[in-house]
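Containing compact mmCIF, N, CA and C atoms: data-v4.txt.
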```txt
# COMPACT_ATOMS: atom_id res chain seq x y z
N MET A 1 -7.95 3.47 193.59
CA MET A 1 -8.46 4.02 192.35
C MET A 1 -7.36 4.86 191.71
N PHE A 2 -7.29 4.77 190.40
CA PHE A 2 -6.35 5.59 189.66
C PHE A 2 -7.06 6.79 189.05
N TYR A 3 -6.28 7.81 188.84
CA TYR A 3 -6.76 9.03 188.22
C TYR A 3 -5.90 9.32 187.01
N ALA A 4 -6.40 10.20 186.16
CA ALA A 4 -5.61 10.74 185.06
C ALA A 4 -5.37 12.20 185.36
N LYS A 5 -4.15 12.65 185.17
CA LYS A 5 -3.81 14.06 185.32
C LYS A 5 -3.93 14.67 183.93
N LEU A 6 -4.77 15.68 183.83
CA LEU A 6 -5.01 16.34 182.54
C LEU A 6 -4.27 17.67 182.49
N ASP A 7 -3.93 18.11 181.27
CA ASP A 7 -3.32 19.42 181.12
C ASP A 7 -4.42 20.48 181.03
N ALA A 8 -4.04 21.71 180.76
CA ALA A 8 -4.99 22.83 180.73
C ALA A 8 -6.02 22.66 179.61
N ASP A 9 -5.68 21.89 178.58
CA ASP A 9 -6.61 21.65 177.46
C ASP A 9 -7.41 20.36 177.64
N SER A 10 -7.39 19.80 178.84
CA SER A 10 -8.09 18.54 179.15
C SER A 10 -7.56 17.35 178.36
N LYS A 11 -6.29 17.40 178.00
CA LYS A 11 -5.63 16.28 177.34
C LYS A 11 -4.83 15.50 178.39
N LEU A 12 -4.69 14.22 178.15
CA LEU A 12 -3.98 13.36 179.09
C LEU A 12 -2.54 13.82 179.26
N GLU A 13 -2.17 14.10 180.50
CA GLU A 13 -0.80 14.49 180.82
C GLU A 13 -0.05 13.32 181.45
N ARG A 14 -0.76 12.60 182.36
CA ARG A 14 -0.09 11.50 183.06
C ARG A 14 -1.13 10.48 183.53
N TYR A 15 -0.79 9.21 183.31
CA TYR A 15 -1.61 8.11 183.80
C TYR A 15 -0.70 6.91 183.99
N PRO A 16 -0.83 6.16 185.04
CA PRO A 16 -1.75 6.36 186.16
C PRO A 16 -1.28 7.47 187.08
N TYR A 17 -2.23 8.05 187.76
CA TYR A 17 -1.98 9.16 188.68
C TYR A 17 -2.80 8.87 189.93
N THR A 18 -2.22 9.11 191.09
CA THR A 18 -2.91 8.82 192.34
C THR A 18 -3.10 10.10 193.14
N LEU A 19 -3.91 10.01 194.16
CA LEU A 19 -4.09 11.17 195.04
C LEU A 19 -2.82 11.46 195.83
N THR A 20 -2.00 10.45 196.05
CA THR A 20 -0.69 10.67 196.67
C THR A 20 0.18 11.51 195.73
N ASP A 21 0.10 11.22 194.42
CA ASP A 21 0.82 12.03 193.43
C ASP A 21 0.34 13.48 193.47
N LEU A 22 -0.97 13.65 193.61
CA LEU A 22 -1.55 14.99 193.66
C LEU A 22 -0.97 15.77 194.85
N ARG A 23 -0.92 15.14 196.00
CA ARG A 23 -0.34 15.78 197.19
C ARG A 23 1.14 16.12 196.97
N ARG A 24 1.86 15.16 196.40
CA ARG A 24 3.30 15.34 196.18
C ARG A 24 3.58 16.46 195.17
N ASP A 25 2.73 16.55 194.14
CA ASP A 25 2.93 17.56 193.10
C ASP A 25 2.49 18.96 193.54
N ASN A 26 1.82 19.05 194.67
CA ASN A 26 1.32 20.33 195.17
C ASN A 26 1.69 20.50 196.65
N PRO A 27 2.99 20.59 196.94
CA PRO A 27 3.44 20.62 198.33
C PRO A 27 2.99 21.87 199.09
N GLN A 28 2.65 22.91 198.39
CA GLN A 28 2.23 24.16 199.06
C GLN A 28 0.72 24.20 199.31
N THR A 29 0.03 23.12 198.93
CA THR A 29 -1.43 23.08 199.11
C THR A 29 -1.76 22.24 200.33
N SER A 30 -2.64 22.76 201.16
CA SER A 30 -3.10 22.03 202.34
C SER A 30 -4.38 21.28 201.98
N PHE A 31 -4.24 19.99 201.73
CA PHE A 31 -5.40 19.17 201.37
C PHE A 31 -6.05 18.60 202.62
N PRO A 32 -7.35 18.36 202.57
CA PRO A 32 -7.99 17.66 203.69
C PRO A 32 -7.50 16.20 203.73
N ARG A 33 -7.76 15.53 204.81
CA ARG A 33 -7.33 14.14 204.96
C ARG A 33 -7.85 13.29 203.79
N THR A 34 -9.11 13.48 203.45
CA THR A 34 -9.71 12.75 202.33
C THR A 34 -9.94 13.72 201.18
N ILE A 35 -9.30 13.41 200.06
CA ILE A 35 -9.46 14.24 198.87
C ILE A 35 -10.66 13.71 198.09
N THR A 36 -11.65 14.55 197.92
CA THR A 36 -12.85 14.16 197.18
C THR A 36 -12.58 14.26 195.68
N GLU A 37 -13.47 13.65 194.90
CA GLU A 37 -13.34 13.77 193.45
C GLU A 37 -13.49 15.21 193.00
N GLU A 38 -14.30 15.98 193.72
CA GLU A 38 -14.50 17.39 193.40
C GLU A 38 -13.19 18.18 193.56
N ILE A 39 -12.47 17.90 194.65
CA ILE A 39 -11.18 18.56 194.88
C ILE A 39 -10.19 18.12 193.82
N ALA A 40 -10.13 16.82 193.55
CA ALA A 40 -9.20 16.30 192.54
C ALA A 40 -9.48 16.95 191.18
N LYS A 41 -10.76 17.09 190.86
CA LYS A 41 -11.14 17.67 189.57
C LYS A 41 -10.67 19.13 189.46
N ALA A 42 -10.66 19.84 190.59
CA ALA A 42 -10.18 21.23 190.59
C ALA A 42 -8.70 21.31 190.22
N PHE A 43 -7.98 20.18 190.39
CA PHE A 43 -6.56 20.11 190.04
C PHE A 43 -6.35 19.33 188.74
N ASN A 44 -7.42 19.26 187.93
CA ASN A 44 -7.38 18.55 186.63
C ASN A 44 -7.05 17.06 186.78
N CYS A 45 -7.57 16.46 187.83
CA CYS A 45 -7.42 15.02 188.03
C CYS A 45 -8.80 14.38 187.95
N VAL A 46 -8.94 13.40 187.07
CA VAL A 46 -10.23 12.76 186.88
C VAL A 46 -10.10 11.26 187.17
N PRO A 47 -11.14 10.66 187.76
CA PRO A 47 -11.09 9.22 188.02
C PRO A 47 -11.11 8.43 186.71
N VAL A 48 -10.45 7.31 186.72
CA VAL A 48 -10.36 6.46 185.53
C VAL A 48 -10.90 5.07 185.89
N THR A 49 -11.82 4.60 185.07
CA THR A 49 -12.35 3.25 185.25
C THR A 49 -11.32 2.27 184.72
N GLN A 50 -10.91 1.34 185.58
CA GLN A 50 -9.90 0.37 185.17
C GLN A 50 -10.54 -0.72 184.32
N VAL A 51 -9.78 -1.19 183.35
CA VAL A 51 -10.22 -2.21 182.41
C VAL A 51 -9.22 -3.35 182.43
N ALA A 52 -9.72 -4.57 182.54
CA ALA A 52 -8.83 -5.74 182.54
C ALA A 52 -8.32 -5.98 181.12
N TYR A 53 -7.18 -6.62 181.04
CA TYR A 53 -6.66 -7.00 179.73
C TYR A 53 -6.24 -8.46 179.78
N THR A 54 -6.18 -9.08 178.62
CA THR A 54 -5.75 -10.46 178.53
C THR A 54 -4.25 -10.47 178.33
N ASP A 55 -3.56 -11.08 179.27
CA ASP A 55 -2.10 -11.13 179.20
C ASP A 55 -1.67 -12.19 178.19
N ASN A 56 -0.90 -11.78 177.23
CA ASN A 56 -0.42 -12.67 176.19
C ASN A 56 1.10 -12.50 176.15
N TYR A 57 1.83 -13.58 176.37
CA TYR A 57 3.28 -13.49 176.46
C TYR A 57 3.94 -13.02 175.17
N THR A 58 3.22 -13.02 174.06
CA THR A 58 3.79 -12.57 172.78
C THR A 58 3.54 -11.09 172.52
N LYS A 59 2.94 -10.41 173.49
CA LYS A 59 2.59 -8.99 173.32
C LYS A 59 3.19 -8.16 174.44
N ASN A 60 3.41 -6.89 174.14
CA ASN A 60 3.77 -5.88 175.15
C ASN A 60 2.55 -4.99 175.34
N TYR A 61 2.37 -4.53 176.57
CA TYR A 61 1.21 -3.69 176.87
C TYR A 61 1.68 -2.41 177.57
N VAL A 62 1.13 -1.29 177.13
CA VAL A 62 1.39 -0.01 177.77
C VAL A 62 0.05 0.51 178.27
N ARG A 63 0.01 0.87 179.54
CA ARG A 63 -1.21 1.36 180.17
C ARG A 63 -1.38 2.83 179.85
N SER A 64 -2.59 3.18 179.45
CA SER A 64 -2.92 4.56 179.16
C SER A 64 -4.37 4.79 179.55
N ALA A 65 -4.88 5.98 179.27
CA ALA A 65 -6.28 6.30 179.55
C ALA A 65 -6.83 7.11 178.39
N ARG A 66 -8.14 7.03 178.21
CA ARG A 66 -8.78 7.79 177.13
C ARG A 66 -10.14 8.28 177.60
N ASN A 67 -10.55 9.37 176.99
CA ASN A 67 -11.85 9.95 177.29
C ASN A 67 -12.87 9.28 176.38
N ASN A 68 -13.83 8.63 177.00
CA ASN A 68 -14.85 7.93 176.24
C ASN A 68 -16.20 8.59 176.53
N GLY A 69 -16.47 9.66 175.80
CA GLY A 69 -17.75 10.35 175.97
C GLY A 69 -17.91 11.03 177.32
N GLY A 70 -16.83 11.57 177.84
CA GLY A 70 -16.90 12.27 179.12
C GLY A 70 -16.48 11.43 180.30
N THR A 71 -16.34 10.14 180.12
CA THR A 71 -15.86 9.24 181.17
C THR A 71 -14.48 8.74 180.78
N TRP A 72 -13.56 8.84 181.70
CA TRP A 72 -12.20 8.38 181.42
C TRP A 72 -12.11 6.91 181.77
N GLU A 73 -11.49 6.15 180.84
CA GLU A 73 -11.31 4.72 181.08
C GLU A 73 -9.91 4.31 180.67
N GLU A 74 -9.46 3.27 181.32
CA GLU A 74 -8.13 2.74 181.04
C GLU A 74 -8.13 2.08 179.66
N GLN A 75 -7.00 2.19 178.99
CA GLN A 75 -6.83 1.45 177.73
C GLN A 75 -5.45 0.84 177.74
N TRP A 76 -5.35 -0.29 177.11
CA TRP A 76 -4.08 -0.99 177.01
C TRP A 76 -3.64 -0.95 175.56
N ILE A 77 -2.48 -0.35 175.32
CA ILE A 77 -1.93 -0.25 173.98
C ILE A 77 -1.02 -1.46 173.77
N GLU A 78 -1.34 -2.24 172.76
CA GLU A 78 -0.68 -3.53 172.53
C GLU A 78 0.28 -3.43 171.36
N SER A 79 1.45 -4.07 171.54
CA SER A 79 2.40 -4.19 170.43
C SER A 79 3.04 -5.57 170.51
N ASP A 80 3.61 -6.01 169.41
CA ASP A 80 4.24 -7.33 169.38
C ASP A 80 5.54 -7.32 170.19
N ALA A 81 5.75 -8.39 170.94
CA ALA A 81 6.99 -8.56 171.68
C ALA A 81 8.08 -9.03 170.71
N THR A 82 9.32 -8.72 171.05
CA THR A 82 10.44 -9.20 170.23
C THR A 82 10.66 -10.69 170.49
N ASP A 83 11.41 -11.33 169.62
CA ASP A 83 11.72 -12.75 169.82
C ASP A 83 12.45 -12.96 171.14
N ASP A 84 13.35 -12.04 171.50
CA ASP A 84 14.07 -12.16 172.78
C ASP A 84 13.13 -12.05 173.97
N GLN A 85 12.16 -11.13 173.90
CA GLN A 85 11.20 -10.97 174.98
C GLN A 85 10.33 -12.22 175.12
N ILE A 86 9.90 -12.78 174.00
CA ILE A 86 9.09 -13.99 174.03
C ILE A 86 9.89 -15.14 174.63
N ALA A 87 11.15 -15.27 174.23
CA ALA A 87 12.00 -16.34 174.77
C ALA A 87 12.20 -16.17 176.27
N GLU A 88 12.42 -14.94 176.70
CA GLU A 88 12.62 -14.65 178.13
C GLU A 88 11.35 -14.98 178.93
N ARG A 89 10.21 -14.61 178.40
CA ARG A 89 8.93 -14.87 179.08
C ARG A 89 8.63 -16.36 179.12
N THR A 90 8.94 -17.05 178.02
CA THR A 90 8.71 -18.50 177.98
C THR A 90 9.59 -19.20 179.01
N THR A 91 10.82 -18.76 179.14
CA THR A 91 11.72 -19.32 180.15
C THR A 91 11.17 -19.08 181.55
N ALA A 92 10.70 -17.88 181.81
CA ALA A 92 10.14 -17.56 183.13
C ALA A 92 8.91 -18.41 183.42
N ILE A 93 8.03 -18.56 182.43
CA ILE A 93 6.83 -19.39 182.62
C ILE A 93 7.23 -20.85 182.85
N SER A 94 8.21 -21.33 182.09
CA SER A 94 8.70 -22.70 182.27
C SER A 94 9.22 -22.91 183.69
N ASN A 95 9.98 -21.94 184.17
CA ASN A 95 10.51 -22.04 185.53
C ASN A 95 9.39 -22.07 186.57
N ASP A 96 8.36 -21.26 186.36
CA ASP A 96 7.22 -21.23 187.29
C ASP A 96 6.49 -22.58 187.30
N VAL A 97 6.27 -23.14 186.12
CA VAL A 97 5.57 -24.43 186.03
C VAL A 97 6.42 -25.52 186.66
N ARG A 98 7.71 -25.51 186.39
CA ARG A 98 8.59 -26.52 187.00
C ARG A 98 8.61 -26.37 188.53
N TYR A 99 8.59 -25.15 189.02
CA TYR A 99 8.56 -24.93 190.47
C TYR A 99 7.28 -25.55 191.05
N GLU A 100 6.16 -25.29 190.40
CA GLU A 100 4.88 -25.85 190.87
C GLU A 100 4.91 -27.38 190.81
N ARG A 101 5.45 -27.91 189.71
CA ARG A 101 5.58 -29.37 189.59
C ARG A 101 6.45 -29.94 190.70
N ASN A 102 7.58 -29.30 190.97
CA ASN A 102 8.48 -29.77 192.03
C ASN A 102 7.81 -29.71 193.40
N GLN A 103 6.99 -28.69 193.61
CA GLN A 103 6.26 -28.57 194.87
C GLN A 103 5.27 -29.73 195.01
N LYS A 104 4.58 -30.07 193.93
CA LYS A 104 3.62 -31.18 193.94
C LYS A 104 4.34 -32.50 194.21
N LEU A 105 5.52 -32.67 193.63
CA LEU A 105 6.31 -33.87 193.91
C LEU A 105 6.75 -33.91 195.38
N SER A 106 7.22 -32.78 195.85
CA SER A 106 7.66 -32.70 197.25
C SER A 106 6.52 -32.99 198.23
N ASP A 107 5.33 -32.52 197.87
CA ASP A 107 4.17 -32.72 198.75
C ASP A 107 3.78 -34.19 198.89
N CYS A 108 4.21 -35.02 197.97
CA CYS A 108 3.85 -36.44 198.08
C CYS A 108 5.07 -37.34 198.22
N ASP A 109 6.21 -36.78 198.57
CA ASP A 109 7.41 -37.60 198.83
C ASP A 109 7.14 -38.66 199.89
N TRP A 110 6.31 -38.32 200.85
CA TRP A 110 6.03 -39.24 201.97
C TRP A 110 5.45 -40.58 201.50
N THR A 111 4.86 -40.59 200.29
CA THR A 111 4.25 -41.83 199.80
C THR A 111 5.30 -42.84 199.34
N GLN A 112 6.53 -42.40 199.23
CA GLN A 112 7.58 -43.27 198.69
C GLN A 112 8.50 -43.85 199.76
N THR A 113 8.21 -43.58 201.01
CA THR A 113 9.06 -44.12 202.09
C THR A 113 8.64 -45.55 202.42
N ASN A 114 9.56 -46.28 203.01
CA ASN A 114 9.30 -47.68 203.36
C ASN A 114 8.15 -47.84 204.35
N ASP A 115 8.00 -46.87 205.25
CA ASP A 115 6.95 -47.00 206.27
C ASP A 115 5.71 -46.17 205.94
N SER A 116 5.51 -45.90 204.66
CA SER A 116 4.33 -45.13 204.22
C SER A 116 3.06 -45.92 204.45
N PRO A 117 1.99 -45.24 204.90
CA PRO A 117 0.72 -45.94 205.12
C PRO A 117 -0.07 -46.18 203.83
N VAL A 118 0.49 -45.81 202.69
CA VAL A 118 -0.20 -45.97 201.41
C VAL A 118 -0.33 -47.46 201.08
N LYS A 119 -1.57 -47.87 200.74
CA LYS A 119 -1.82 -49.29 200.43
C LYS A 119 -1.48 -49.61 198.98
N ASP A 120 -1.88 -48.72 198.05
CA ASP A 120 -1.62 -48.95 196.63
C ASP A 120 -0.59 -47.94 196.14
N GLU A 121 0.65 -48.31 196.29
CA GLU A 121 1.75 -47.41 195.94
C GLU A 121 1.82 -47.14 194.44
N SER A 122 1.28 -48.02 193.62
CA SER A 122 1.37 -47.85 192.16
C SER A 122 0.64 -46.60 191.69
N LYS A 123 -0.48 -46.24 192.34
CA LYS A 123 -1.20 -45.01 191.96
C LYS A 123 -0.32 -43.79 192.16
N TRP A 124 0.40 -43.77 193.27
CA TRP A 124 1.27 -42.63 193.56
C TRP A 124 2.49 -42.63 192.65
N THR A 125 3.00 -43.81 192.33
CA THR A 125 4.14 -43.89 191.41
C THR A 125 3.73 -43.36 190.04
N THR A 126 2.54 -43.74 189.57
CA THR A 126 2.03 -43.26 188.28
C THR A 126 1.83 -41.74 188.31
N TYR A 127 1.27 -41.25 189.40
CA TYR A 127 1.03 -39.81 189.56
C TYR A 127 2.36 -39.05 189.53
N ARG A 128 3.33 -39.54 190.28
CA ARG A 128 4.61 -38.85 190.36
C ARG A 128 5.33 -38.87 189.00
N GLN A 129 5.20 -39.97 188.26
CA GLN A 129 5.81 -40.02 186.93
C GLN A 129 5.12 -39.04 185.99
N ALA A 130 3.80 -38.93 186.10
CA ALA A 130 3.06 -37.96 185.27
C ALA A 130 3.51 -36.54 185.59
N LEU A 131 3.79 -36.26 186.85
CA LEU A 131 4.32 -34.94 187.22
C LEU A 131 5.69 -34.71 186.58
N ARG A 132 6.53 -35.72 186.63
CA ARG A 132 7.86 -35.59 186.02
C ARG A 132 7.76 -35.38 184.50
N ASP A 133 6.69 -35.91 183.90
CA ASP A 133 6.52 -35.81 182.45
C ASP A 133 5.86 -34.50 182.01
N VAL A 134 5.46 -33.66 182.92
CA VAL A 134 4.78 -32.40 182.56
C VAL A 134 5.58 -31.59 181.53
N PRO A 135 6.90 -31.43 181.68
CA PRO A 135 7.65 -30.64 180.69
C PRO A 135 7.66 -31.24 179.27
N THR A 136 7.26 -32.49 179.13
CA THR A 136 7.24 -33.11 177.81
C THR A 136 5.87 -32.97 177.13
N GLN A 137 4.89 -32.38 177.82
CA GLN A 137 3.56 -32.18 177.23
C GLN A 137 3.68 -31.23 176.03
N SER A 138 2.85 -31.45 175.04
CA SER A 138 2.95 -30.68 173.80
C SER A 138 2.74 -29.18 173.99
N GLY A 139 1.92 -28.76 174.93
CA GLY A 139 1.66 -27.33 175.13
C GLY A 139 2.56 -26.66 176.14
N PHE A 140 3.49 -27.43 176.73
CA PHE A 140 4.35 -26.88 177.78
C PHE A 140 5.16 -25.70 177.26
N PRO A 141 5.30 -24.62 178.02
CA PRO A 141 4.80 -24.38 179.37
C PRO A 141 3.49 -23.59 179.41
N HIS A 142 2.96 -23.26 178.24
CA HIS A 142 1.80 -22.37 178.21
C HIS A 142 0.49 -23.08 178.48
N THR A 143 0.42 -24.36 178.13
CA THR A 143 -0.77 -25.15 178.40
C THR A 143 -0.32 -26.43 179.10
N VAL A 144 -0.73 -26.57 180.35
CA VAL A 144 -0.32 -27.73 181.14
C VAL A 144 -1.57 -28.43 181.66
N THR A 145 -1.58 -29.75 181.52
CA THR A 145 -2.64 -30.56 182.11
C THR A 145 -2.02 -31.29 183.29
N TRP A 146 -2.45 -30.91 184.49
CA TRP A 146 -1.90 -31.51 185.69
C TRP A 146 -2.57 -32.86 185.94
N PRO A 147 -1.77 -33.86 186.31
CA PRO A 147 -2.37 -35.16 186.64
C PRO A 147 -3.20 -35.06 187.92
N THR A 148 -4.15 -35.95 188.06
CA THR A 148 -5.02 -35.97 189.23
C THR A 148 -4.32 -36.69 190.38
N LYS A 149 -4.27 -36.02 191.50
CA LYS A 149 -3.63 -36.58 192.69
C LYS A 149 -4.48 -37.75 193.22
N PRO A 150 -3.85 -38.88 193.51
CA PRO A 150 -4.59 -40.03 194.05
C PRO A 150 -5.19 -39.69 195.42
N THR A 151 -6.26 -40.39 195.73
CA THR A 151 -6.91 -40.17 197.04
C THR A 151 -6.64 -41.32 197.97
```
How does the structure come out when it is put into structure tokens?
Amino acid sequence: MFYAKLDADSKLERYPYTLTDLRRDNPQTSFPRTITEEIAKAFNCVPVTQVAYTDNYTKNYVRSARNNGGTWEEQWIESDATDDQIAERTTAISNDVRYERNQKLSDCDWTQTNDSPVKDESKWTTYRQALRDVPTQSGFPHTVTWPTKPT
């Protein structure tokens, strides 16, 4: 669980903040083994409800927290990514998809040997070609339709 460290005016000082941070920031304090929310609150640390966000490669996200009617919750501050950041992320995603594609090809290399027990080799040949063609799909690398592995 994450906490928010508040200042004397109950304004956000630091987020995310952990109970390990609390111990580290107060070396002269002898805390019990388990720090309760009551103890944390005495040091201006409040629990924060985490909120999921949708990852979009064209955006940058900064994690923060806000007080929502007395309950602290996580918020994600979104801004547009630069063209360089988008290009870098697209390259990384492309590399990940190609790695997965190569793994799928490697997993069925055995079907292409002379002594393979496969009866209908054409299904596997078609499958393997479809894997090789993944980078030519119109949505690559952000939208990929994987071919169905033969049975």
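Remark: for Leu12 in chain A, the closest of the candidate residues A:Gln28, A:Gln85, A:Asn67, A:Thr111 is A:Asn67 (distances computed over only N, CA and C atoms).
Interatomic distance, CA of Leu6 in chain A against atom C of Asn44 in chain A: 4.8 Å.
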Figure out the distance between atom N of Val62 in chain A and atom C of Glu88 in chain A, please, to one decimal in Å. 17.2 Å
I'd like the contact shell of range 100-102 of chain A - 7 Å cut-off, all atoms listed in the file, skipping same-chain residues fewer than 5 positions apart - returned as a PyMOL selection string. chain A and resi 95+107+131
So that I can check the secondary structure, give me every residue of chain A assigned alpha helix (DSSP H) by backbone DSSP, as a PyMOL selection string. chain A and resi 19-25+37-42+83-107+121-132
Within 5 Å of (-0.8, 12.8, 188.1) in the file's own coordinates, which protein, DNA or RNA residues have an atom, counting only N, CA and C atoms? List them as a PDB file with N, CA and C atoms, keeping the file's coordinate frame.
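Here's the written file result-v7.pdb:
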```
ATOM      1  N   LYS A   5      -4.150  12.650 185.170  1.00  0.00           N
ATOM      2  CA  LYS A   5      -3.810  14.060 185.320  1.00  0.00           C
ATOM      3  C   LYS A   5      -3.930  14.670 183.930  1.00  0.00           C
ATOM      4  N   TYR A  17      -2.230   8.050 187.760  1.00  0.00           N
ATOM      5  CA  TYR A  17      -1.980   9.160 188.680  1.00  0.00           C
ATOM      6  C   TYR A  17      -2.800   8.870 189.930  1.00  0.00           C
ATOM      7  N   THR A  18      -2.220   9.110 191.090  1.00  0.00           N
ATOM      8  CA  THR A  18      -2.910   8.820 192.340  1.00  0.00           C
ATOM      9  C   THR A  18      -3.100  10.100 193.140  1.00  0.00           C
TER      10      THR A  18
END
```
Could you tell me which of A:Asp21, A:Tyr3, A:Val97, A:Ile35 comes closest to Glu73 in chain A if we count only C-alpha atoms? A:Tyr3
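Shortest atom-to-atom contact with Met1 in chain A among A:Trp124, A:Asp55, A:Val48, A:Glu13: A:Val48, counting all atoms listed in the file.
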